[in-house]
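S.K.: File target_34.cif follows (mmCIF, C-alpha atoms):
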data_work
loop_
_atom_site.label_atom_id
_atom_site.label_comp_id
_atom_site.auth_asym_id
_atom_site.auth_seq_id
_atom_site.Cartn_x
_atom_site.Cartn_y
_atom_site.Cartn_z
CA MET A 181 -91.93 -65.90 -22.58
CA PRO A 182 -89.55 -62.99 -23.06
CA HIS A 183 -90.88 -59.79 -21.59
CA ASP A 184 -89.03 -57.13 -23.53
CA HIS A 185 -91.23 -54.99 -25.75
CA SER A 186 -89.72 -56.17 -29.01
CA HIS A 187 -91.39 -59.55 -28.53
CA MET A 188 -94.71 -58.19 -27.38
CA THR A 189 -97.77 -57.69 -29.47
CA GLU A 190 -99.25 -54.22 -29.61
CA ILE A 191 -102.04 -55.14 -27.21
CA GLU A 192 -99.66 -56.80 -24.77
CA ALA A 193 -97.64 -53.59 -24.62
CA ARG A 194 -100.76 -51.48 -24.30
CA VAL A 195 -102.12 -53.55 -21.41
CA ARG A 196 -98.77 -53.51 -19.65
CA ALA A 197 -98.57 -49.72 -19.98
CA LEU A 198 -102.10 -49.35 -18.66
CA GLU A 199 -101.41 -51.55 -15.64
CA SER A 200 -98.28 -49.55 -14.89
CA LEU A 201 -100.20 -46.26 -15.13
CA LEU A 202 -103.08 -47.47 -12.95
CA THR A 203 -100.62 -48.76 -10.37
CA GLU A 204 -98.72 -45.46 -10.36
CA LYS A 205 -101.99 -43.58 -9.82
CA GLY A 206 -102.97 -45.90 -7.00
CA TYR A 207 -106.13 -47.27 -8.62
CA ILE A 208 -104.98 -50.86 -8.58
CA ASP A 209 -102.50 -53.07 -6.73
CA PRO A 210 -100.89 -55.53 -9.18
CA ALA A 211 -100.78 -58.12 -6.39
CA ALA A 212 -104.59 -57.98 -6.28
CA VAL A 213 -104.69 -58.50 -10.05
CA ASP A 214 -102.44 -61.54 -9.59
CA ALA A 215 -104.68 -62.88 -6.83
CA ILE A 216 -107.83 -62.49 -8.95
CA VAL A 217 -106.28 -64.29 -11.91
CA GLN A 218 -104.94 -67.05 -9.70
CA THR A 219 -108.34 -67.57 -8.07
CA TYR A 220 -109.97 -68.21 -11.44
CA GLU A 221 -107.05 -70.32 -12.66
CA THR A 222 -106.99 -72.59 -9.65
CA GLU A 223 -110.07 -72.33 -7.44
CA ILE A 224 -113.25 -71.34 -9.25
CA GLY A 225 -114.11 -73.65 -12.13
CA PRO A 226 -116.50 -76.33 -13.41
CA ARG A 227 -115.58 -78.75 -10.62
CA ASN A 228 -117.76 -76.56 -8.39
CA GLY A 229 -120.74 -77.06 -10.67
CA ALA A 230 -120.01 -80.76 -11.05
CA HIS A 231 -120.17 -81.08 -7.27
CA VAL A 232 -123.59 -79.41 -7.24
CA VAL A 233 -124.85 -81.73 -9.98
CA ALA A 234 -123.46 -84.92 -8.43
CA LYS A 235 -124.97 -84.01 -5.08
CA ALA A 236 -128.33 -83.36 -6.73
CA TRP A 237 -128.12 -86.79 -8.40
CA THR A 238 -127.44 -88.60 -5.11
CA ASP A 239 -129.42 -86.58 -2.57
CA ALA A 240 -133.12 -86.10 -3.31
CA ASP A 241 -133.55 -83.50 -0.56
CA TYR A 242 -130.69 -81.47 -1.97
CA ALA A 243 -132.12 -81.74 -5.50
CA ASP A 244 -135.44 -80.48 -4.18
CA TRP A 245 -133.76 -77.54 -2.45
CA LEU A 246 -131.77 -76.78 -5.61
CA ALA A 247 -134.97 -76.69 -7.63
CA ARG A 248 -136.72 -74.38 -5.13
CA ASP A 249 -133.84 -72.10 -4.10
CA ALA A 250 -130.73 -72.68 -6.17
CA THR A 251 -128.96 -69.64 -4.71
CA ALA A 252 -129.14 -70.99 -1.14
CA ALA A 253 -128.49 -74.61 -2.13
CA ILE A 254 -125.37 -73.69 -4.12
CA HIS A 255 -124.09 -71.21 -1.53
CA SER A 256 -124.45 -73.95 1.11
CA LEU A 257 -121.64 -75.87 -0.61
CA GLY A 258 -119.39 -72.82 -0.35
CA TYR A 259 -119.76 -71.70 -3.96
CA MET A 260 -120.54 -68.11 -3.32
CA SER A 261 -118.81 -65.52 -5.47
CA ARG A 262 -119.35 -62.88 -8.10
CA GLN A 263 -121.53 -63.85 -11.08
CA GLY A 264 -123.25 -66.40 -8.87
CA GLU A 265 -125.19 -64.06 -6.57
CA HIS A 266 -128.59 -65.09 -7.96
CA MET A 267 -128.76 -68.67 -9.22
CA ALA A 268 -131.36 -70.84 -10.91
CA ALA A 269 -130.99 -74.55 -11.68
CA CYS A 270 -132.65 -76.07 -14.75
CA PHE A 271 -133.12 -79.82 -14.59
CA ASN A 272 -132.96 -81.67 -17.90
CA THR A 273 -135.66 -84.30 -18.37
CA ALA A 274 -136.83 -86.58 -21.16
CA GLU A 275 -139.30 -83.82 -22.09
CA THR A 276 -137.06 -80.74 -21.89
CA HIS A 277 -133.41 -80.02 -22.63
CA HIS A 278 -132.13 -76.70 -21.26
CA LEU A 279 -129.56 -74.52 -23.01
CA VAL A 280 -128.04 -71.33 -21.59
CA VAL A 281 -126.85 -68.30 -23.55
CA CYS A 282 -126.37 -64.57 -23.08
CA THR A 283 -127.24 -62.88 -26.36
CA LEU A 284 -126.54 -59.38 -24.99
CA CYS A 285 -123.09 -59.94 -23.48
CA SER A 286 -121.52 -62.97 -21.82
CA CYS A 287 -123.38 -63.54 -18.54
CA TYR A 288 -122.27 -66.90 -17.17
CA PRO A 289 -122.34 -68.53 -13.72
CA TRP A 290 -118.71 -67.89 -12.77
CA SER A 291 -119.14 -69.20 -9.22
CA VAL A 292 -119.93 -72.73 -10.40
CA LEU A 293 -118.39 -72.89 -13.90
CA GLY A 294 -115.47 -70.46 -13.74
CA LEU A 295 -114.74 -68.12 -16.64
CA PRO A 296 -116.68 -68.73 -19.85
CA PRO A 297 -115.01 -70.32 -22.89
CA THR A 298 -114.41 -68.10 -25.91
CA TRP A 299 -117.19 -69.64 -27.98
CA TYR A 300 -119.74 -68.76 -25.29
CA LYS A 301 -118.73 -65.08 -25.55
CA SER A 302 -118.43 -64.98 -29.35
CA PRO A 303 -121.01 -63.79 -31.89
CA PRO A 304 -121.81 -67.16 -33.55
CA TYR A 305 -123.08 -68.83 -30.36
CA ARG A 306 -124.78 -65.72 -28.96
CA ALA A 307 -126.57 -65.09 -32.26
CA ARG A 308 -127.74 -68.60 -33.07
CA ALA A 309 -128.45 -70.28 -29.73
CA VAL A 310 -131.85 -68.58 -29.47
CA ARG A 311 -132.89 -69.01 -33.09
CA ASP A 312 -131.45 -72.42 -33.97
CA PRO A 313 -130.59 -74.23 -30.73
CA ARG A 314 -130.80 -77.64 -32.39
CA GLY A 315 -128.35 -76.61 -35.09
CA VAL A 316 -125.99 -75.34 -32.41
CA LEU A 317 -126.37 -78.56 -30.41
CA ALA A 318 -125.52 -80.56 -33.54
CA GLU A 319 -122.26 -78.61 -33.82
CA PHE A 320 -121.46 -79.84 -30.31
CA GLY A 321 -122.33 -83.41 -31.35
CA VAL A 322 -125.61 -83.47 -29.42
CA THR A 323 -128.76 -84.85 -31.03
CA LEU A 324 -131.86 -84.95 -28.87
CA PRO A 325 -134.38 -87.80 -28.88
CA GLU A 326 -137.58 -87.25 -30.86
CA GLY A 327 -140.11 -85.41 -28.72
CA THR A 328 -137.61 -83.63 -26.47
CA GLY A 329 -138.23 -79.89 -26.48
CA VAL A 330 -135.48 -77.31 -26.01
CA GLU A 331 -135.82 -74.43 -23.58
CA VAL A 332 -133.22 -71.75 -24.22
CA HIS A 333 -132.46 -69.42 -21.31
CA ASP A 334 -131.22 -66.03 -22.45
CA SER A 335 -129.43 -64.58 -19.40
CA THR A 336 -130.70 -61.04 -19.82
CA ALA A 337 -130.62 -60.14 -16.10
CA GLU A 338 -128.49 -61.07 -13.08
CA MET A 339 -129.97 -64.55 -12.72
CA ARG A 340 -127.30 -67.12 -13.55
CA TYR A 341 -128.34 -70.50 -14.92
CA LEU A 342 -126.86 -73.90 -14.15
CA VAL A 343 -128.15 -76.82 -16.19
CA ILE A 344 -128.49 -80.08 -14.25
CA PRO A 345 -127.90 -82.77 -16.88
CA GLN A 346 -129.69 -86.11 -16.69
CA ARG A 347 -127.84 -88.74 -14.70
CA PRO A 348 -126.41 -91.32 -17.11
CA PRO A 349 -127.86 -94.83 -16.91
CA GLY A 350 -125.61 -97.50 -15.43
CA THR A 351 -124.44 -95.36 -12.52
CA ASP A 352 -126.58 -96.79 -9.72
CA GLY A 353 -124.69 -96.88 -6.46
CA TRP A 354 -121.91 -94.57 -7.72
CA THR A 355 -120.48 -92.17 -5.16
CA GLU A 356 -120.77 -88.41 -5.48
CA ASP A 357 -117.03 -88.20 -6.21
CA ALA A 358 -117.21 -90.77 -9.01
CA LEU A 359 -120.27 -89.09 -10.52
CA MET A 360 -118.54 -85.70 -10.60
CA ASP A 361 -116.17 -87.01 -13.27
CA LEU A 362 -119.13 -87.55 -15.60
CA VAL A 363 -120.26 -83.92 -15.37
CA THR A 364 -118.62 -81.76 -18.03
CA ARG A 365 -118.68 -77.99 -18.24
CA ASP A 366 -120.67 -78.14 -21.47
CA SER A 367 -123.26 -80.44 -19.88
CA MET A 368 -123.93 -77.66 -17.35
CA ILE A 369 -124.32 -75.05 -20.12
CA GLY A 370 -126.56 -77.41 -22.07
CA THR A 371 -124.29 -77.78 -25.09
CA GLY A 372 -123.37 -81.27 -23.92
CA LEU A 373 -124.69 -84.24 -22.00
CA ALA A 374 -123.19 -85.95 -18.97
CA VAL A 375 -120.59 -88.53 -19.99
CA SER A 376 -121.74 -92.15 -20.00
CA PRO A 377 -119.86 -94.62 -17.77
CA GLU A 378 -118.72 -96.48 -20.89
CA ALA A 379 -117.28 -93.33 -22.46
CA ALA A 380 -115.65 -92.34 -19.16
CA GLY A 381 -113.85 -95.69 -19.15
CA MET B 26 -128.30 -48.78 -30.42
CA SER B 27 -126.33 -51.58 -28.82
CA SER B 28 -123.59 -53.34 -30.78
CA ALA B 29 -123.99 -56.30 -28.43
CA ASP B 30 -127.57 -57.29 -29.27
CA LEU B 31 -126.75 -60.37 -31.34
CA GLY B 32 -129.64 -62.77 -30.70
CA GLY B 33 -131.24 -64.21 -33.83
CA ARG B 34 -128.53 -63.09 -36.22
CA ASP B 35 -126.04 -65.28 -38.06
CA PHE B 36 -122.28 -65.18 -37.62
CA GLY B 37 -121.58 -68.68 -38.93
CA PRO B 38 -120.78 -71.90 -37.05
CA VAL B 39 -119.84 -71.90 -33.37
CA ALA B 40 -116.62 -73.90 -33.76
CA PRO B 41 -116.04 -74.90 -30.13
CA ASN B 42 -112.48 -75.85 -29.28
CA PRO B 43 -112.43 -78.41 -26.44
CA ASP B 44 -108.71 -77.87 -25.84
CA GLU B 45 -108.93 -74.12 -25.54
CA PRO B 46 -106.82 -72.63 -22.74
CA MET B 47 -108.51 -70.39 -20.16
CA PHE B 48 -106.39 -67.47 -21.37
CA HIS B 49 -104.77 -67.13 -24.78
CA ALA B 50 -102.16 -64.61 -23.72
CA GLU B 51 -100.84 -62.92 -20.61
CA TRP B 52 -102.61 -59.65 -21.43
CA GLU B 53 -106.02 -61.34 -21.18
CA LYS B 54 -105.27 -62.28 -17.58
CA ARG B 55 -104.21 -58.76 -16.72
CA VAL B 56 -107.34 -57.25 -18.30
CA LEU B 57 -109.60 -59.62 -16.38
CA GLY B 58 -107.79 -58.91 -13.12
CA MET B 59 -107.69 -55.15 -13.63
CA VAL B 60 -111.36 -54.88 -14.56
CA VAL B 61 -112.42 -56.91 -11.52
CA ALA B 62 -110.03 -55.00 -9.23
CA LEU B 63 -111.22 -51.62 -10.54
CA GLY B 64 -114.74 -52.45 -9.40
CA ALA B 65 -113.55 -51.58 -5.88
CA ALA B 66 -112.85 -48.00 -7.01
CA GLY B 67 -116.62 -47.47 -7.12
CA GLN B 68 -116.42 -45.19 -10.15
CA TRP B 69 -119.04 -47.07 -12.17
CA ASN B 70 -121.70 -49.70 -11.66
CA LEU B 71 -122.26 -53.01 -13.43
CA ASP B 72 -124.73 -51.57 -15.91
CA GLN B 73 -122.48 -48.64 -16.83
CA SER B 74 -119.73 -51.16 -17.43
CA ARG B 75 -121.95 -53.23 -19.76
CA SER B 76 -123.16 -50.11 -21.50
CA ALA B 77 -119.58 -49.04 -22.19
CA ARG B 78 -118.80 -52.41 -23.80
CA GLU B 79 -121.83 -52.45 -26.05
CA SER B 80 -121.23 -48.84 -27.11
CA LEU B 81 -118.16 -49.86 -29.13
CA PRO B 82 -118.69 -49.61 -32.91
CA GLU B 83 -120.39 -52.79 -34.09
CA ASP B 84 -117.72 -53.82 -36.60
CA GLN B 85 -115.19 -53.64 -33.80
CA TYR B 86 -117.44 -55.30 -31.20
CA VAL B 87 -118.07 -58.41 -33.29
CA SER B 88 -114.50 -58.86 -34.49
CA ILE B 89 -112.12 -58.32 -31.55
CA PRO B 90 -111.40 -60.78 -28.69
CA TYR B 91 -113.69 -60.46 -25.70
CA TYR B 92 -111.03 -59.23 -23.28
CA HIS B 93 -110.12 -56.61 -25.88
CA ILE B 94 -113.73 -55.38 -25.64
CA TRP B 95 -113.26 -55.19 -21.88
CA LEU B 96 -110.04 -53.23 -22.35
CA GLU B 97 -111.60 -50.68 -24.70
CA ALA B 98 -114.58 -50.25 -22.37
CA VAL B 99 -112.62 -49.90 -19.14
CA GLU B 100 -110.32 -47.32 -20.74
CA ALA B 101 -113.35 -45.38 -21.94
CA LEU B 102 -114.94 -45.49 -18.48
CA MET B 103 -111.73 -44.22 -16.86
CA ARG B 104 -111.22 -41.46 -19.46
CA ASP B 105 -114.83 -40.32 -19.04
CA ARG B 106 -114.30 -40.00 -15.30
CA GLY B 107 -110.96 -38.24 -15.56
CA MET B 108 -109.15 -41.16 -13.92
CA ILE B 109 -106.73 -41.32 -16.84
CA THR B 110 -106.04 -39.00 -19.77
CA ASP B 111 -105.02 -39.58 -23.37
CA ASP B 112 -101.80 -37.78 -22.58
CA GLU B 113 -101.04 -40.26 -19.81
CA MET B 114 -101.86 -43.18 -22.07
CA ASP B 115 -99.47 -41.82 -24.71
CA LYS B 116 -96.64 -41.11 -22.25
CA GLY B 117 -97.17 -44.19 -20.10
CA HIS B 118 -96.97 -42.35 -16.80
CA ALA B 119 -99.10 -40.09 -14.62
CA CYS B 120 -99.42 -36.46 -15.69
CA VAL B 121 -102.34 -35.35 -13.54
CA PRO B 122 -103.19 -36.30 -9.95
CA PRO B 123 -105.47 -39.31 -9.44
CA VAL B 124 -109.16 -38.73 -8.81
CA PRO B 125 -110.29 -39.90 -5.36
CA VAL B 126 -111.67 -43.45 -5.51
CA ALA B 127 -113.66 -45.46 -2.98
CA ARG B 128 -110.99 -48.09 -2.45
CA THR B 129 -107.92 -49.73 -3.95
CA LEU B 130 -108.39 -53.48 -3.74
CA SER B 131 -105.50 -55.21 -1.97
CA ALA B 132 -104.49 -58.82 -2.57
CA ALA B 133 -105.57 -59.66 0.96
CA ASP B 134 -109.06 -58.37 0.23
CA VAL B 135 -109.52 -60.33 -3.00
CA PRO B 136 -111.13 -63.47 -1.49
CA ALA B 137 -113.69 -61.41 0.44
CA ALA B 138 -114.42 -59.12 -2.51
CA LEU B 139 -114.98 -62.06 -4.87
CA ALA B 140 -117.12 -63.87 -2.29
CA LYS B 141 -119.26 -60.82 -1.70
CA GLY B 142 -119.94 -60.23 -5.39
CA GLY B 143 -122.58 -57.65 -6.19
CA PRO B 144 -126.10 -58.80 -5.40
CA VAL B 145 -128.75 -56.72 -7.21
CA ASP B 146 -131.89 -57.71 -5.29
CA ARG B 147 -133.40 -54.85 -3.31
CA PRO B 148 -136.20 -54.71 -0.71
CA ALA B 149 -139.61 -54.69 -2.36
CA THR B 150 -141.49 -51.42 -2.29
CA SER B 151 -144.51 -52.64 -4.27
CA GLU B 152 -146.37 -55.82 -5.18
CA PRO B 153 -145.55 -57.47 -8.50
CA VAL B 154 -148.10 -56.51 -11.17
CA PHE B 155 -147.94 -59.87 -12.95
CA ALA B 156 -148.41 -63.36 -11.54
CA VAL B 157 -147.09 -66.68 -12.81
CA GLY B 158 -149.26 -67.75 -15.75
CA ALA B 159 -150.05 -64.19 -16.91
CA ARG B 160 -149.69 -63.40 -20.62
CA VAL B 161 -147.64 -60.29 -21.29
CA ARG B 162 -146.46 -58.30 -24.28
CA THR B 163 -142.95 -56.82 -24.40
CA MET B 164 -142.43 -53.21 -25.37
CA ALA B 165 -142.14 -52.54 -29.09
CA ILE B 166 -139.71 -49.64 -29.14
CA LEU B 167 -136.33 -50.08 -27.50
CA PRO B 168 -134.83 -47.01 -25.83
CA GLY B 169 -131.74 -45.52 -27.49
CA THR B 170 -129.87 -45.96 -24.20
CA HIS B 171 -128.84 -49.17 -22.42
CA THR B 172 -131.58 -51.79 -22.14
CA ARG B 173 -131.71 -55.54 -21.50
CA LEU B 174 -134.61 -56.35 -23.77
CA PRO B 175 -133.09 -57.92 -26.89
CA ARG B 176 -134.46 -56.77 -30.24
CA TYR B 177 -135.57 -60.29 -31.16
CA ALA B 178 -137.93 -60.28 -28.15
CA ALA B 179 -139.42 -56.81 -28.67
CA ASP B 180 -143.20 -56.59 -29.21
CA LYS B 181 -143.74 -60.31 -28.53
CA VAL B 182 -146.23 -62.15 -26.34
CA GLY B 183 -145.03 -64.59 -23.69
CA GLU B 184 -146.00 -66.08 -20.36
CA ILE B 185 -144.70 -65.29 -16.89
CA THR B 186 -143.11 -68.49 -15.53
CA ALA B 187 -141.42 -67.10 -12.41
CA VAL B 188 -141.19 -63.96 -10.32
CA HIS B 189 -137.47 -63.73 -9.55
CA GLY B 190 -137.54 -60.78 -7.17
CA HIS B 191 -137.14 -57.04 -6.91
CA HIS B 192 -133.96 -56.14 -8.79
CA VAL B 193 -131.97 -53.08 -9.85
CA PHE B 194 -133.30 -51.77 -13.19
CA PRO B 195 -130.38 -51.60 -15.65
CA ASP B 196 -132.03 -49.08 -17.99
CA SER B 197 -131.95 -46.55 -15.15
CA ASN B 198 -128.74 -47.61 -13.44
CA ALA B 199 -126.71 -47.53 -16.67
CA VAL B 200 -127.42 -43.85 -17.27
CA GLY B 201 -126.66 -42.85 -13.70
CA ALA B 202 -130.32 -42.25 -12.88
CA GLY B 203 -130.32 -44.51 -9.82
CA GLU B 204 -131.02 -48.16 -9.24
CA ALA B 205 -134.82 -47.76 -9.54
CA PRO B 206 -135.40 -51.38 -8.47
CA THR B 207 -138.43 -53.11 -9.92
CA TRP B 208 -139.83 -56.61 -10.35
CA LEU B 209 -137.92 -59.09 -12.44
CA TYR B 210 -139.80 -61.94 -14.12
CA LYS B 211 -138.95 -65.00 -16.10
CA VAL B 212 -140.94 -64.86 -19.33
CA ALA B 213 -141.22 -67.88 -21.64
CA PHE B 214 -141.91 -67.48 -25.36
CA VAL B 215 -142.84 -70.15 -27.87
CA ALA B 216 -139.86 -70.26 -30.22
CA ARG B 217 -142.09 -69.83 -33.28
CA ASP B 218 -143.54 -66.64 -31.81
CA LEU B 219 -140.03 -65.17 -31.88
CA PHE B 220 -138.62 -66.74 -35.05
CA ALA B 221 -140.69 -67.96 -37.99
CA ASP B 222 -138.34 -70.93 -38.40
CA GLY B 223 -138.42 -71.88 -34.71
CA HIS B 224 -139.02 -75.53 -33.79
CA PRO B 225 -142.61 -76.16 -32.64
CA ASP B 226 -141.47 -77.95 -29.46
CA ASP B 227 -139.04 -75.24 -28.34
CA ARG B 228 -139.22 -72.27 -26.00
CA VAL B 229 -136.99 -69.32 -25.26
CA SER B 230 -137.05 -67.80 -21.77
CA LEU B 231 -135.78 -64.34 -20.86
CA ASP B 232 -135.52 -62.46 -17.58
CA LEU B 233 -137.39 -59.19 -18.03
CA TRP B 234 -138.21 -56.25 -15.77
CA GLU B 235 -141.73 -55.01 -15.19
CA PRO B 236 -141.35 -51.76 -17.21
CA TYR B 237 -140.70 -53.86 -20.33
CA LEU B 238 -144.05 -55.65 -20.00
CA SER B 239 -147.72 -54.85 -20.44
CA ASP B 240 -151.00 -56.76 -20.33
CA VAL B 241 -151.97 -58.54 -23.51
#
Please rewrite the model in this file as structure tokens.
M.R.:
Amino acid sequence: MPHDHSHMTEIEARVRALESLLTEKGYIDPAAVDAIVQTYETEIGPRNGAHVVAKAWTDADYADWLARDATAAIHSLGYMSRQGEHMAACFNTAETHHLVVCTLCSCYPWSVLGLPPTWYKSPPYRARAVRDPRGVLAEFGVTLPEGTGVEVHDSTAEMRYLVIPQRPPGTDGWTEDALMDLVTRDSMIGTGLAVSPEAAG
Amino acid sequence: MSSADLGGRDFGPVAPNPDEPMFHAEWEKRVLGMVVALGAAGQWNLDQSRSARESLPEDQYVSIPYYHIWLEAVEALMRDRGMITDDEMDKGHACVPPVPVARTLSAADVPAALAKGGPVDRPATSEPVFAVGARVRTMAILPGTHTRLPRYAADKVGEITAVHGHHVFPDSNAVGAGEAPTWLYKVAFVARDLFADGHPDDRVSLDLWEPYLSDV
């Protein structure tokens, strides 16, 4: 990408000018900005959450701990960072499917899922997830079995929610590593299900 | 009135894009990094930051990209505190001396700062008023200042399903009136009690502070 102003959008130029001003005034160090961006690009993402889920699927004691004290159980795996200070895990069952939203802003469990996708932060999802969760799920291609209730969690405080999807059938004896590949980001928000072994190939 | 209180409204289909990149442009990365880094300056708290975002005009709030909302809010926070001036923004360089800040985050300190985060639980100074299983009613009138009770859940009856802990109270913290920690509960509502067209099998749970709640 060329970096001369003639090829920059108005906002690109504005942000660049702001960063330059804040650096000149000593409020920020651009190297710290680089390091923050790089951390979220390479280190903190949905693989963290998938590890938590796969461990819960294969280790009953861990699953029990996760249900009782998700903050400690998740921190024990080393996933301890901002927007993950206070965690709660919601286990999907045949009776209840959990769905997470933040209608008031974009609260999201960064420590285990990374930065939220645009749709999670945008008005359509934030507006409708509480009122019409089944319609929203249908837009993600998810249809729930008859008799399954939906519990929507509106993240109004500093509790951050991680959905533990149901373990797909046909995965008996699978290792934690193999199971992790079945755990999608959306399945941990509740807008998806874990991938079946057939679909995973 | 918050521009960010969107629950229960309708802005059309969600349109998820499974191939969406983490960032759509370089400026989004810089805004994310700057906003996180500026936290170290200690010039505002989490709730003041949220309040600044939701104070944007609604037509702007619902139409611009999310990192653009962050940009507008962080500029407003810095202007309000005299950290930057309109003159400096126009000229692109410093015109007045910087205000003293708590800390400038260095690259070396980034891992520790991200790991530390910003826990909001505080030592309890009282017993929780409500126990799991209690029926509670949410307040009917929302304050004109920052609050975390969405309009769709105002003046509704639900059930306490968990006592999360003793947490900073955003309504106070956002207006600079101190953290005023209080009990935070998980409150479950029958979907139909919130929305007439709610599915009979569904529930909506919110995390609500004690001052929002009263006995039924």
S.K.: Based on only C-alpha atoms, which of the residues in chain A come within 7 Å of chain B? I want them as a VMD selection string.
M.R.: chain A and resid 192 195 197 201 204 to 209 211 to 217 260 to 263 265 283 to 285 299 301 303 to 308 310 to 311 329 to 337
S.K.: Which residue is closest to Lys235 (chain A)? Choose from A:Ala380, A:Met267, A:Val375, A:Val363 and count only C-alpha atoms.
M.R.: A:Val363
S.K.: What is the CA of Asp240 (chain B) to CA of Thr186 (chain B) distance in Å?
M.R.: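 For CA of Asp240 (chain B) relative to CA of Thr186 (chain B), the distance reads 14.9 Å.
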S.K.: Just the number, please: distance in Å from CA of Gly372 (chain A) to CA of Leu359 (chain A), one decimal.
M.R.: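 For CA of Gly372 (chain A) relative to CA of Leu359 (chain A), the distance reads 15.8 Å.
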S.K.: Counting only C-alpha atoms, what is within 7 Å of Arg162 (chain B), bar same-chain residues fewer than 6 positions away, as a PyMOL selection string?
M.R.: chain B and resi 180-183+238-241
S.K.: Would you save the residues from that selection as a PDB file, in the coordinates of the input, using C-alpha atoms?
M.R.:
ATOM      1  CA  ASP B 180    -143.200 -56.590 -29.210  1.00  0.00           C
ATOM      2  CA  LYS B 181    -143.740 -60.310 -28.530  1.00  0.00           C
ATOM      3  CA  VAL B 182    -146.230 -62.150 -26.340  1.00  0.00           C
ATOM      4  CA  GLY B 183    -145.030 -64.590 -23.690  1.00  0.00           C
ATOM      5  CA  LEU B 238    -144.050 -55.650 -20.000  1.00  0.00           C
ATOM      6  CA  SER B 239    -147.720 -54.850 -20.440  1.00  0.00           C
ATOM      7  CA  ASP B 240    -151.000 -56.760 -20.330  1.00  0.00           C
ATOM      8  CA  VAL B 241    -151.970 -58.540 -23.510  1.00  0.00           C
TER       9      VAL B 241
END
S.K.: One number please: CA of Val154 (chain B) to CA of His191 (chain B), in Å, one decimal.
M.R.: 11.8 Å
S.K.: Name every residue that the PyMOL selection byres ((chain B and resi 196-198) around 10) selects in this structure, writing the answer as a list in words with chains first and numbers rising.
M.R.: Trp69, Asn70, Leu71, Asp72, Gln73, Ser76, Pro168, Thr170, His171, Thr172, Arg173, Leu174, Val193, Phe194, Pro195, Ala199, Val200, Gly201, Ala202, Gly203, Glu204, Ala205, Pro206, Trp234 and Pro236 of chain B
S.K.: May I have the residues within 7 Å of region 221-227 of chain A as a PyMOL selection string, using only C-alpha atoms and disregarding those fewer than 5 positions away in the same chain?
M.R.: chain A and resi 291-294+365
S.K.: Determine, counting all atoms listed in the file, which protein, DNA and RNA residues have an atom within 7 Å of an atom of Thr371 (chain A); residues of the same chain fewer than 3 positions away are not included. Present the result as a PyMOL selection string.
M.R.: chain A and resi 279+317+320+366-367
S.K.: Keeping only C-alpha atoms, take the residues you just selected and write them out as a PDB file, in the frame of the given file.
M.R.:
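Once everything was written out, this is again-v9.pdb:
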ATOM      1  CA  LEU A 279    -129.560 -74.520 -23.010  1.00  0.00           C
ATOM      2  CA  LEU A 317    -126.370 -78.560 -30.410  1.00  0.00           C
ATOM      3  CA  PHE A 320    -121.460 -79.840 -30.310  1.00  0.00           C
ATOM      4  CA  ASP A 366    -120.670 -78.140 -21.470  1.00  0.00           C
ATOM      5  CA  SER A 367    -123.260 -80.440 -19.880  1.00  0.00           C
TER       6      SER A 367
END
S.K.: Which residue is closest to Asn228 (chain A)? Choose from A:Ser256, A:Asn272, A:Thr189, A:Ser302 and count all atoms listed in the file.
M.R.: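 The shortest atom-to-atom distance to Asn228 (chain A) comes from A:Ser256.
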S.K.: Just the residues within 7 Å of region 341-347 of chain A, please, counting only C-alpha atoms, with nothing from its chain fewer than 3 positions along; format it as a list of chain:residue names.
M.R.: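 Residues near the query, excluding close chain neighbours: A:Val233, A:Trp237, A:Met267, A:Ala268, A:Ala269, A:Cys270, A:Phe271, A:Asn272, A:Thr273, A:His278, A:Val280, A:Pro289, A:Ser367, A:Met368, A:Ile369, A:Gly370, A:Leu373, A:Ala374.
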